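Q: The structure that follows is given in the form of structure tokens.
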Amino acid sequence: MMDLTKKALPNTVMVGGRAYSIYTDFRLWMRFEIAVRKLKRGDTIDISYLFKNDMPSYCDLTELFAFSRPESPLPRPISHSNVIALDYEIDADLIYAAFLGQYGIDLMEVEQLHWHKFLALLGGLNESTKLREVIGYRCYEKSADGDKDIYEELRRAWEIEPPMSDEERAELEEFSNVFK
């Protein structure tokens with residue numbers, strides 16, 4: 001999730017408690033995500049192309065995921081489906097067409113585009129793009145339960161929870177202290 005209160009986007013990753021300077025262009029991080037998707041148990045991948053100067057001697061992939069897959073509080077997961085909705089390699093043409101059509105950004109010509117900007121733009125694609133249509137097909141689940149309301153689930157997934165009152169916060173703290 002982008003922090004618009006800061007003037008710059010992150011350009012380092014924390015590995016073993018130390019910040020390492022990285023390249024942030026979307027092409028490199030897309031390459032990383034494609035490599036991770038193809039990774040099999042016990043395999044290793046080359047990540048040297050992500051680092052500008054020094055490279056850590058050991059790097060757990062979860063440390064890189066903090067940059068490549070920034071967390072966002074919304075939407076909350078609707079289901080625990082293992083559906084792969086987007087593949088950067090297979091969907092490359094659709095991603096290209098969507099960016100060009102909606103934003104006028106030619107991903108083949110753009111000099112540099114920060115990975116977090118790319119992700120924000122990707123997430124903001126409207127329903128009229130072929131990419132979003134295809135993702136919708138991939139995520140579709142027919143409900144066997146006639147009472148299931150997909151729009152209620154979507155409302156819950158995107159709902160912004162109000163902050164806790166002082167009373168609720170005190171009650172939660174009291175409850176938590178019981179288990180310490």
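Residue numbering restarts at 1 in every chain; chains get A, B, ... in the order shown in the structure tokens, and ligands count up from 1 in that same order.
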Could you build a table of the residues in region 19-93 of chain A lying no more than 10 Å from region 104-126 of chain A, giving for each the nearest pair of atoms and their separation in Å rounded to one decimal place, using only C-alpha atoms, ordered by chain and ascending residue number, as a Markdown table?

A:
```
| residue | atom | partner | partner_atom | distance |
| --- | --- | --- | --- | --- |
| A:Tyr23 | CA | A:His114 | CA | 8.7 |
| A:Thr24 | CA | A:His114 | CA | 5.2 |
| A:Asp25 | CA | A:His114 | CA | 4.8 |
| A:Phe26 | CA | A:Trp115 | CA | 4.2 |
| A:Arg27 | CA | A:Trp115 | CA | 8.0 |
| A:Leu28 | CA | A:Trp115 | CA | 8.5 |
| A:Trp29 | CA | A:Trp115 | CA | 6.6 |
| A:Met30 | CA | A:Trp115 | CA | 8.2 |
| A:Phe67 | CA | A:His116 | CA | 8.3 |
| A:Ser68 | CA | A:Trp115 | CA | 7.5 |
| A:Arg69 | CA | A:His116 | CA | 8.8 |
| A:Pro70 | CA | A:His116 | CA | 8.0 |
```

Q: How would the residues just chosen look if you wrote them out with N, CA and C atoms as a short mmCIF file (atom, residue, chain, number, x, y, z; two decimals), in the first residue's frame?

A:
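Printed below is out_6.cif as written:
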```cif
data_model
loop_
_atom_site.label_atom_id
_atom_site.label_comp_id
_atom_site.auth_asym_id
_atom_site.auth_seq_id
_atom_site.Cartn_x
_atom_site.Cartn_y
_atom_site.Cartn_z
N TYR A 23 16.79 -1.91 -7.04
CA TYR A 23 16.16 -1.34 -8.23
C TYR A 23 14.66 -1.51 -8.06
N THR A 24 13.89 -0.53 -8.47
CA THR A 24 12.45 -0.56 -8.21
C THR A 24 11.59 -0.67 -9.46
N ASP A 25 12.19 -0.76 -10.64
CA ASP A 25 11.41 -0.79 -11.87
C ASP A 25 10.51 -2.02 -11.92
N PHE A 26 9.32 -1.84 -12.39
CA PHE A 26 8.31 -2.91 -12.42
C PHE A 26 8.78 -4.14 -13.19
N ARG A 27 9.60 -3.96 -14.21
CA ARG A 27 10.03 -5.10 -15.03
C ARG A 27 10.83 -6.11 -14.21
N LEU A 28 11.69 -5.59 -13.33
CA LEU A 28 12.53 -6.46 -12.51
C LEU A 28 11.71 -7.21 -11.47
N TRP A 29 10.75 -6.51 -10.87
CA TRP A 29 9.94 -7.14 -9.84
C TRP A 29 8.91 -8.07 -10.45
N MET A 30 8.48 -7.81 -11.66
CA MET A 30 7.60 -8.73 -12.37
C MET A 30 8.40 -10.01 -12.67
N PHE A 67 8.45 -6.02 0.05
CA PHE A 67 8.48 -4.99 -0.99
C PHE A 67 7.61 -5.37 -2.18
N SER A 68 7.73 -6.61 -2.65
CA SER A 68 7.04 -7.00 -3.88
C SER A 68 5.55 -7.21 -3.70
N ARG A 69 5.13 -7.47 -2.48
CA ARG A 69 3.70 -7.72 -2.21
C ARG A 69 3.27 -6.88 -1.01
N PRO A 70 3.28 -5.56 -1.16
CA PRO A 70 2.94 -4.71 -0.02
C PRO A 70 1.54 -5.00 0.49
#
```

Q: I'd like a table as a tab-separated table: residues in region 30-56 of chain A with an atom no more than 10 Å from region 84-87 of chain A, each row giving the shortest atom pair and its distance in Å to one decimal, only C-alpha atoms counted, sorted by chain and rising residue number.

A:
```
residue	atom	partner	partner_atom	distance
A:Met30	CA	A:Asp87	CA	9.7
A:Glu33	CA	A:Asp87	CA	9.0
A:Ile34	CA	A:Asp87	CA	7.7
A:Arg37	CA	A:Asp87	CA	8.6
```

Q: Please produce a file of the residues just selected, as a PDB file, in the first residue's frame, where the atoms kept are C-alpha atoms.

A:
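Just written: result_5.pdb:
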```
ATOM      1  CA  MET A  30       7.604  -8.733 -12.368  1.00  0.00           C
ATOM      2  CA  GLU A  33       7.317 -12.688  -9.203  1.00  0.00           C
ATOM      3  CA  ILE A  34       7.363 -14.891 -12.319  1.00  0.00           C
ATOM      4  CA  ARG A  37       5.672 -18.611  -9.204  1.00  0.00           C
TER       5      ARG A  37
END
```

Q: When you count only C-alpha atoms, which of these residues is closest to Pro56 (chain A): A:Ile22, A:Val134, A:Tyr88, A:Ala8?

A: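 Smallest separation from Pro56 (chain A) among the options: A:Ile22.
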
Q: Just the number, please: distance in Å from CA of Arg76 (chain A) to CA of Glu161 (chain A), one decimal.

A: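 CA of Glu161 (chain A) lies at a distance of 11.3 Å from CA of Arg76 (chain A).
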
Q: Identify all residues of chain A in alpha helix (DSSP H) (DSSP on the backbone) and supply them as a compact mmCIF listing (two decimals) with N, CA, C and O atoms, in the first residue's frame.

A:
```
# COMPACT_ATOMS: atom_id res chain seq x y z
N PHE A 26 9.32 -1.84 -12.39
CA PHE A 26 8.31 -2.91 -12.42
C PHE A 26 8.78 -4.14 -13.19
O PHE A 26 8.42 -5.26 -12.85
N ARG A 27 9.60 -3.96 -14.21
CA ARG A 27 10.03 -5.10 -15.03
C ARG A 27 10.83 -6.11 -14.21
O ARG A 27 10.66 -7.32 -14.35
N LEU A 28 11.69 -5.59 -13.33
CA LEU A 28 12.53 -6.46 -12.51
C LEU A 28 11.71 -7.21 -11.47
O LEU A 28 11.92 -8.40 -11.24
N TRP A 29 10.75 -6.51 -10.87
CA TRP A 29 9.94 -7.14 -9.84
C TRP A 29 8.91 -8.07 -10.45
O TRP A 29 8.53 -9.09 -9.84
N MET A 30 8.48 -7.81 -11.66
CA MET A 30 7.60 -8.73 -12.37
C MET A 30 8.40 -10.01 -12.67
O MET A 30 7.90 -11.12 -12.48
N ARG A 31 9.64 -9.83 -13.10
CA ARG A 31 10.53 -10.97 -13.36
C ARG A 31 10.71 -11.81 -12.10
O ARG A 31 10.68 -13.05 -12.14
N PHE A 32 10.89 -11.13 -10.96
CA PHE A 32 11.02 -11.82 -9.67
C PHE A 32 9.76 -12.62 -9.36
O PHE A 32 9.83 -13.80 -8.99
N GLU A 33 8.58 -12.01 -9.51
CA GLU A 33 7.32 -12.69 -9.20
C GLU A 33 7.10 -13.89 -10.12
O GLU A 33 6.59 -14.92 -9.69
N ILE A 34 7.48 -13.77 -11.38
CA ILE A 34 7.36 -14.89 -12.32
C ILE A 34 8.28 -16.03 -11.87
O ILE A 34 7.88 -17.20 -11.86
N ALA A 35 9.50 -15.70 -11.47
CA ALA A 35 10.46 -16.72 -11.01
C ALA A 35 9.94 -17.41 -9.74
O ALA A 35 10.05 -18.64 -9.61
N VAL A 36 9.37 -16.64 -8.83
CA VAL A 36 8.83 -17.21 -7.59
C VAL A 36 7.68 -18.16 -7.91
O VAL A 36 7.57 -19.24 -7.32
N ARG A 37 6.83 -17.78 -8.84
CA ARG A 37 5.67 -18.61 -9.20
C ARG A 37 6.14 -19.97 -9.73
O ARG A 37 5.51 -20.98 -9.50
N LYS A 38 7.27 -19.99 -10.45
CA LYS A 38 7.78 -21.23 -11.04
C LYS A 38 8.67 -22.03 -10.09
O LYS A 38 9.06 -23.14 -10.40
N LEU A 61 13.02 -15.21 0.99
CA LEU A 61 12.08 -14.60 0.04
C LEU A 61 11.02 -13.75 0.73
O LEU A 61 10.56 -12.76 0.17
N THR A 62 10.64 -14.12 1.95
CA THR A 62 9.62 -13.33 2.66
C THR A 62 10.10 -11.91 2.91
O THR A 62 9.29 -10.99 2.97
N GLU A 63 11.41 -11.72 3.02
CA GLU A 63 11.95 -10.36 3.20
C GLU A 63 11.76 -9.55 1.92
O GLU A 63 11.51 -8.34 1.97
N LEU A 64 11.84 -10.19 0.78
CA LEU A 64 11.60 -9.51 -0.49
C LEU A 64 10.11 -9.30 -0.75
O LEU A 64 9.70 -8.33 -1.36
N PHE A 65 9.29 -10.22 -0.24
CA PHE A 65 7.84 -10.09 -0.39
C PHE A 65 7.32 -8.83 0.30
O PHE A 65 6.30 -8.28 -0.11
N ALA A 66 7.99 -8.38 1.34
CA ALA A 66 7.57 -7.15 2.02
C ALA A 66 7.56 -5.98 1.03
O ALA A 66 6.75 -5.07 1.14
N PHE A 67 8.45 -6.02 0.05
CA PHE A 67 8.48 -4.99 -0.99
C PHE A 67 7.61 -5.37 -2.18
O PHE A 67 6.84 -4.57 -2.69
N SER A 68 7.73 -6.61 -2.65
CA SER A 68 7.04 -7.00 -3.88
C SER A 68 5.55 -7.21 -3.70
O SER A 68 4.79 -7.11 -4.66
N ALA A 92 0.55 -10.92 -19.82
CA ALA A 92 1.34 -9.75 -20.23
C ALA A 92 0.64 -8.91 -21.29
O ALA A 92 0.61 -7.67 -21.18
N ASP A 93 0.06 -9.54 -22.30
CA ASP A 93 -0.63 -8.78 -23.36
C ASP A 93 -1.82 -8.01 -22.79
O ASP A 93 -2.05 -6.85 -23.16
N LEU A 94 -2.56 -8.66 -21.90
CA LEU A 94 -3.74 -8.00 -21.31
C LEU A 94 -3.33 -6.86 -20.38
O LEU A 94 -4.00 -5.82 -20.34
N ILE A 95 -2.25 -7.04 -19.65
CA ILE A 95 -1.74 -5.98 -18.77
C ILE A 95 -1.32 -4.79 -19.63
O ILE A 95 -1.67 -3.63 -19.35
N TYR A 96 -0.57 -5.07 -20.69
CA TYR A 96 -0.11 -4.02 -21.59
C TYR A 96 -1.30 -3.25 -22.17
O TYR A 96 -1.34 -2.02 -22.13
N ALA A 97 -2.29 -3.97 -22.69
CA ALA A 97 -3.46 -3.34 -23.31
C ALA A 97 -4.25 -2.52 -22.30
O ALA A 97 -4.72 -1.42 -22.61
N ALA A 98 -4.38 -3.03 -21.08
CA ALA A 98 -5.13 -2.32 -20.05
C ALA A 98 -4.45 -1.01 -19.67
O ALA A 98 -5.11 0.03 -19.56
N PHE A 99 -3.13 -1.03 -19.49
CA PHE A 99 -2.40 0.19 -19.13
C PHE A 99 -2.44 1.21 -20.26
O PHE A 99 -2.62 2.40 -20.01
N LEU A 100 -2.29 0.75 -21.47
CA LEU A 100 -2.31 1.65 -22.61
C LEU A 100 -3.71 2.23 -22.78
O LEU A 100 -3.87 3.44 -22.96
N GLY A 101 -4.72 1.38 -22.69
CA GLY A 101 -6.10 1.83 -22.90
C GLY A 101 -6.62 2.74 -21.81
O GLY A 101 -7.24 3.77 -22.10
N GLN A 102 -6.36 2.39 -20.56
CA GLN A 102 -6.92 3.19 -19.46
C GLN A 102 -6.06 4.38 -19.08
O GLN A 102 -6.59 5.45 -18.79
N TYR A 103 -4.75 4.22 -19.06
CA TYR A 103 -3.88 5.27 -18.56
C TYR A 103 -3.05 5.95 -19.66
O TYR A 103 -2.38 6.95 -19.40
N TRP A 115 7.68 -0.18 -8.95
CA TRP A 115 6.85 -1.36 -8.76
C TRP A 115 5.56 -1.03 -7.99
O TRP A 115 4.48 -1.49 -8.34
N HIS A 116 5.66 -0.20 -6.96
CA HIS A 116 4.47 0.13 -6.17
C HIS A 116 3.49 0.99 -6.97
O HIS A 116 2.27 0.85 -6.82
N LYS A 117 4.00 1.85 -7.85
CA LYS A 117 3.11 2.61 -8.74
C LYS A 117 2.42 1.65 -9.71
O LYS A 117 1.22 1.77 -9.97
N PHE A 118 3.20 0.74 -10.26
CA PHE A 118 2.64 -0.26 -11.17
C PHE A 118 1.51 -1.04 -10.50
O PHE A 118 0.43 -1.21 -11.07
N LEU A 119 1.76 -1.50 -9.26
CA LEU A 119 0.74 -2.26 -8.55
C LEU A 119 -0.51 -1.43 -8.27
O LEU A 119 -1.63 -1.94 -8.37
N ALA A 120 -0.31 -0.15 -7.91
CA ALA A 120 -1.45 0.72 -7.66
C ALA A 120 -2.28 0.91 -8.93
O ALA A 120 -3.51 0.84 -8.90
N LEU A 121 -1.61 1.13 -10.05
CA LEU A 121 -2.32 1.29 -11.32
C LEU A 121 -3.00 -0.02 -11.74
O LEU A 121 -4.13 -0.01 -12.23
N LEU A 122 -2.33 -1.13 -11.53
CA LEU A 122 -2.91 -2.43 -11.86
C LEU A 122 -4.18 -2.67 -11.03
O LEU A 122 -5.20 -3.10 -11.55
N GLY A 123 -4.10 -2.36 -9.75
CA GLY A 123 -5.25 -2.54 -8.87
C GLY A 123 -6.39 -1.59 -9.18
O GLY A 123 -7.55 -1.86 -8.87
N LYS A 130 -10.20 -5.75 -20.57
CA LYS A 130 -10.26 -7.20 -20.81
C LYS A 130 -9.57 -7.94 -19.67
O LYS A 130 -10.02 -9.02 -19.27
N LEU A 131 -8.50 -7.38 -19.12
CA LEU A 131 -7.79 -8.02 -18.02
C LEU A 131 -8.72 -8.24 -16.83
O LEU A 131 -8.78 -9.33 -16.28
N ARG A 132 -9.45 -7.19 -16.44
CA ARG A 132 -10.38 -7.33 -15.31
C ARG A 132 -11.49 -8.33 -15.63
O ARG A 132 -11.93 -9.07 -14.76
N GLU A 133 -11.93 -8.36 -16.87
CA GLU A 133 -12.96 -9.32 -17.28
C GLU A 133 -12.43 -10.75 -17.10
O GLU A 133 -13.11 -11.61 -16.53
N VAL A 134 -11.22 -11.01 -17.56
CA VAL A 134 -10.62 -12.34 -17.46
C VAL A 134 -10.40 -12.72 -16.00
O VAL A 134 -10.67 -13.86 -15.60
N ILE A 135 -9.92 -11.79 -15.19
CA ILE A 135 -9.73 -12.06 -13.76
C ILE A 135 -11.07 -12.42 -13.12
O ILE A 135 -11.16 -13.32 -12.29
N GLY A 136 -12.12 -11.72 -13.52
CA GLY A 136 -13.46 -12.03 -13.02
C GLY A 136 -13.88 -13.45 -13.36
O GLY A 136 -14.45 -14.17 -12.53
N TYR A 137 -13.59 -13.89 -14.58
CA TYR A 137 -13.91 -15.26 -14.99
C TYR A 137 -13.13 -16.26 -14.13
O TYR A 137 -13.68 -17.28 -13.71
N ARG A 138 -11.86 -15.97 -13.90
CA ARG A 138 -11.03 -16.90 -13.13
C ARG A 138 -11.48 -17.01 -11.67
O ARG A 138 -11.32 -18.06 -11.06
N CYS A 139 -12.01 -15.94 -11.14
CA CYS A 139 -12.40 -15.91 -9.72
C CYS A 139 -13.85 -16.32 -9.49
O CYS A 139 -14.28 -16.45 -8.35
N ILE A 150 -23.44 -12.53 -2.87
CA ILE A 150 -22.08 -12.12 -3.25
C ILE A 150 -21.86 -10.64 -2.97
O ILE A 150 -20.78 -10.22 -2.60
N TYR A 151 -22.90 -9.82 -3.13
CA TYR A 151 -22.73 -8.39 -2.91
C TYR A 151 -22.55 -8.08 -1.42
O TYR A 151 -21.82 -7.17 -1.06
N GLU A 152 -23.18 -8.85 -0.56
CA GLU A 152 -22.96 -8.68 0.88
C GLU A 152 -21.52 -9.05 1.23
O GLU A 152 -20.86 -8.38 2.01
N GLU A 153 -21.01 -10.12 0.61
CA GLU A 153 -19.62 -10.51 0.84
C GLU A 153 -18.66 -9.44 0.33
O GLU A 153 -17.66 -9.13 0.98
N LEU A 154 -18.95 -8.89 -0.84
CA LEU A 154 -18.10 -7.82 -1.38
C LEU A 154 -18.15 -6.58 -0.50
O LEU A 154 -17.14 -5.92 -0.27
N ARG A 155 -19.35 -6.24 0.02
CA ARG A 155 -19.47 -5.09 0.92
C ARG A 155 -18.58 -5.31 2.15
O ARG A 155 -17.83 -4.44 2.56
N ARG A 156 -18.65 -6.53 2.73
CA ARG A 156 -17.83 -6.84 3.90
C ARG A 156 -16.34 -6.81 3.56
O ARG A 156 -15.53 -6.36 4.38
N ALA A 157 -15.98 -7.27 2.38
CA ALA A 157 -14.57 -7.31 1.98
C ALA A 157 -13.99 -5.90 1.88
O ALA A 157 -12.82 -5.69 2.19
N TRP A 158 -14.79 -4.94 1.44
CA TRP A 158 -14.32 -3.58 1.22
C TRP A 158 -14.71 -2.61 2.32
O TRP A 158 -14.37 -1.43 2.28
N ASP A 166 -12.75 4.50 23.06
CA ASP A 166 -11.89 4.32 24.23
C ASP A 166 -12.42 3.19 25.11
O ASP A 166 -11.64 2.41 25.66
N GLU A 167 -13.73 3.09 25.20
CA GLU A 167 -14.37 2.04 25.99
C GLU A 167 -14.04 0.66 25.42
O GLU A 167 -13.67 -0.25 26.15
N GLU A 168 -14.17 0.51 24.10
CA GLU A 168 -13.88 -0.76 23.44
C GLU A 168 -12.41 -1.12 23.57
O GLU A 168 -12.05 -2.27 23.81
N ARG A 169 -11.54 -0.12 23.45
CA ARG A 169 -10.10 -0.34 23.56
C ARG A 169 -9.74 -0.83 24.97
O ARG A 169 -8.97 -1.76 25.14
N ALA A 170 -10.34 -0.20 25.99
CA ALA A 170 -10.09 -0.58 27.38
C ALA A 170 -10.59 -2.00 27.64
O ALA A 170 -9.93 -2.79 28.31
N GLU A 171 -11.76 -2.32 27.08
CA GLU A 171 -12.33 -3.65 27.23
C GLU A 171 -11.44 -4.71 26.59
O GLU A 171 -11.19 -5.77 27.16
N LEU A 172 -10.92 -4.42 25.41
CA LEU A 172 -10.02 -5.34 24.72
C LEU A 172 -8.73 -5.53 25.50
O LEU A 172 -8.22 -6.64 25.63
N GLU A 173 -8.20 -4.45 26.02
CA GLU A 173 -6.97 -4.52 26.81
C GLU A 173 -7.18 -5.35 28.07
O GLU A 173 -6.34 -6.17 28.42
N GLU A 174 -8.31 -5.14 28.72
CA GLU A 174 -8.64 -5.91 29.93
C GLU A 174 -8.75 -7.39 29.60
O GLU A 174 -8.24 -8.25 30.32
N PHE A 175 -9.39 -7.71 28.49
CA PHE A 175 -9.55 -9.08 28.06
C PHE A 175 -8.18 -9.70 27.75
O PHE A 175 -7.90 -10.83 28.13
N SER A 176 -7.32 -8.96 27.07
CA SER A 176 -5.98 -9.45 26.71
C SER A 176 -5.13 -9.70 27.94
O SER A 176 -4.33 -10.64 27.96
N ASN A 177 -5.28 -8.86 28.94
CA ASN A 177 -4.49 -9.02 30.17
C ASN A 177 -4.81 -10.31 30.92
O ASN A 177 -3.98 -10.83 31.65
N VAL A 178 -6.00 -10.84 30.73
CA VAL A 178 -6.40 -12.09 31.38
C VAL A 178 -5.52 -13.23 30.90
O VAL A 178 -5.20 -14.16 31.65
```

Q: Within 8 Å of region 17-21 of chain A, which residues of region 37-109 of chain A show up? Give each one with its shortest atom-to-atom distance in Å (one decimal) and the two atoms involved, counting only C-alpha atoms, rows by chain then rising residue number, as a Markdown table.

A:
```
| residue | atom | partner | partner_atom | distance |
| --- | --- | --- | --- | --- |
| A:Phe51 | CA | A:Ser21 | CA | 6.0 |
| A:Lys52 | CA | A:Ser21 | CA | 5.6 |
| A:Asn53 | CA | A:Ser21 | CA | 6.6 |
| A:Asp54 | CA | A:Tyr20 | CA | 6.8 |
| A:Met55 | CA | A:Tyr20 | CA | 7.0 |
| A:Pro56 | CA | A:Tyr20 | CA | 7.7 |
```

Q: Could you write out the selected residues, including all heavy atoms, as an mmCIF file, in the first residue's frame?

A:
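Listing of selection.cif after writing:
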```cif
data_model
loop_
_atom_site.group_PDB
_atom_site.id
_atom_site.type_symbol
_atom_site.label_atom_id
_atom_site.label_comp_id
_atom_site.auth_asym_id
_atom_site.auth_seq_id
_atom_site.Cartn_x
_atom_site.Cartn_y
_atom_site.Cartn_z
ATOM 1 N N PHE A 51 19.327 -5.970 -6.577
ATOM 2 C CA PHE A 51 20.125 -5.150 -5.666
ATOM 3 C C PHE A 51 21.069 -4.222 -6.415
ATOM 4 O O PHE A 51 21.735 -4.631 -7.363
ATOM 5 C CB PHE A 51 20.914 -6.053 -4.713
ATOM 6 C CG PHE A 51 20.017 -6.829 -3.789
ATOM 7 C CD1 PHE A 51 19.532 -8.076 -4.156
ATOM 8 C CD2 PHE A 51 19.634 -6.300 -2.576
ATOM 9 C CE1 PHE A 51 18.684 -8.788 -3.328
ATOM 10 C CE2 PHE A 51 18.791 -7.001 -1.734
ATOM 11 C CZ PHE A 51 18.307 -8.248 -2.111
ATOM 12 N N LYS A 52 21.151 -2.967 -5.933
ATOM 13 C CA LYS A 52 21.987 -1.960 -6.591
ATOM 14 C C LYS A 52 23.458 -2.113 -6.234
ATOM 15 O O LYS A 52 24.304 -2.201 -7.096
ATOM 16 C CB LYS A 52 21.522 -0.549 -6.202
ATOM 17 C CG LYS A 52 20.325 -0.086 -6.972
ATOM 18 C CD LYS A 52 20.043 1.364 -6.672
ATOM 19 C CE LYS A 52 18.900 1.852 -7.536
ATOM 20 N NZ LYS A 52 18.579 3.232 -7.284
ATOM 21 N N ASN A 53 23.777 -2.066 -4.969
ATOM 22 C CA ASN A 53 25.175 -2.079 -4.536
ATOM 23 C C ASN A 53 25.498 -3.411 -3.873
ATOM 24 O O ASN A 53 25.809 -4.372 -4.535
ATOM 25 C CB ASN A 53 25.460 -0.905 -3.595
ATOM 26 C CG ASN A 53 25.085 0.413 -4.242
ATOM 27 O OD1 ASN A 53 25.340 0.635 -5.411
ATOM 28 N ND2 ASN A 53 24.452 1.295 -3.486
ATOM 29 N N ASP A 54 25.396 -3.401 -2.578
ATOM 30 C CA ASP A 54 25.630 -4.633 -1.822
ATOM 31 C C ASP A 54 24.440 -5.562 -1.972
ATOM 32 O O ASP A 54 23.306 -5.131 -2.136
ATOM 33 C CB ASP A 54 25.797 -4.324 -0.329
ATOM 34 C CG ASP A 54 27.007 -3.466 -0.043
ATOM 35 O OD1 ASP A 54 27.856 -3.341 -0.934
ATOM 36 O OD2 ASP A 54 27.085 -2.919 1.064
ATOM 37 N N MET A 55 24.770 -6.844 -1.851
ATOM 38 C CA MET A 55 23.716 -7.848 -1.848
ATOM 39 C C MET A 55 23.909 -8.702 -0.608
ATOM 40 O O MET A 55 25.034 -9.052 -0.268
ATOM 41 C CB MET A 55 23.820 -8.714 -3.108
ATOM 42 C CG MET A 55 22.712 -9.707 -3.213
ATOM 43 S SD MET A 55 22.848 -10.636 -4.744
ATOM 44 C CE MET A 55 22.059 -12.143 -4.212
ATOM 45 N N PRO A 56 22.822 -9.036 0.079
ATOM 46 C CA PRO A 56 22.988 -9.864 1.276
ATOM 47 C C PRO A 56 23.497 -11.250 0.921
ATOM 48 O O PRO A 56 23.229 -11.770 -0.167
ATOM 49 C CB PRO A 56 21.563 -9.931 1.859
ATOM 50 C CG PRO A 56 20.652 -9.611 0.728
ATOM 51 C CD PRO A 56 21.417 -8.725 -0.204
#
```

Q: DSSP on the backbone, then: every residue of chain A marked strand (DSSP E or B), written as a list in words.

A: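 The residues of chain A classed as strand (DSSP E or B) are Thr12, Val13, Met14, Val15, Arg18, Ala19, Tyr20, Ser21, Ile22, Asp25, Phe51 and His114 of chain A.
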
Q: Take the residues just selected and output them with N, CA and C atoms as a compact mmCIF listing (two decimals), in the first residue's frame.

A:
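Result file is out.txt:
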```
# COMPACT_ATOMS: atom_id res chain seq x y z
N THR A 12 14.47 0.50 -0.79
CA THR A 12 15.32 -0.44 -0.07
C THR A 12 14.46 -1.60 0.43
N VAL A 13 15.12 -2.71 0.73
CA VAL A 13 14.48 -3.83 1.42
C VAL A 13 15.29 -4.13 2.67
N MET A 14 14.58 -4.54 3.70
CA MET A 14 15.24 -4.93 4.95
C MET A 14 15.53 -6.42 4.90
N VAL A 15 16.81 -6.76 5.02
CA VAL A 15 17.23 -8.15 5.04
C VAL A 15 18.12 -8.33 6.25
N ARG A 18 19.06 -5.12 8.08
CA ARG A 18 19.84 -4.10 7.37
C ARG A 18 19.13 -3.70 6.08
N ALA A 19 19.14 -2.43 5.77
CA ALA A 19 18.51 -1.93 4.54
C ALA A 19 19.48 -2.08 3.37
N TYR A 20 18.98 -2.67 2.29
CA TYR A 20 19.75 -2.84 1.07
C TYR A 20 19.08 -2.04 -0.05
N SER A 21 19.87 -1.29 -0.79
CA SER A 21 19.36 -0.50 -1.90
C SER A 21 18.99 -1.43 -3.07
N ILE A 22 17.80 -1.18 -3.64
CA ILE A 22 17.30 -2.05 -4.71
C ILE A 22 16.88 -1.23 -5.93
N ASP A 25 12.19 -0.76 -10.64
CA ASP A 25 11.41 -0.79 -11.87
C ASP A 25 10.51 -2.02 -11.92
N PHE A 51 19.33 -5.97 -6.58
CA PHE A 51 20.13 -5.15 -5.67
C PHE A 51 21.07 -4.22 -6.42
N HIS A 114 8.04 2.70 -10.98
CA HIS A 114 8.24 2.05 -9.69
C HIS A 114 7.24 0.92 -9.52
```

Q: Measure the distance from CA of Ser57 (chain A) to CA of Glu71 (chain A) in Å and round it to one decimal.

A: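 Straight-line distance from CA of Ser57 (chain A) to CA of Glu71 (chain A) works out to 25.9 Å.
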
Q: Just how far from CA of Asp3 (chain A) is CA of Ser165 (chain A), in Å to one decimal?

A: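 Interatomic distance, CA of Ser165 (chain A) to CA of Asp3 (chain A): 25.1 Å.
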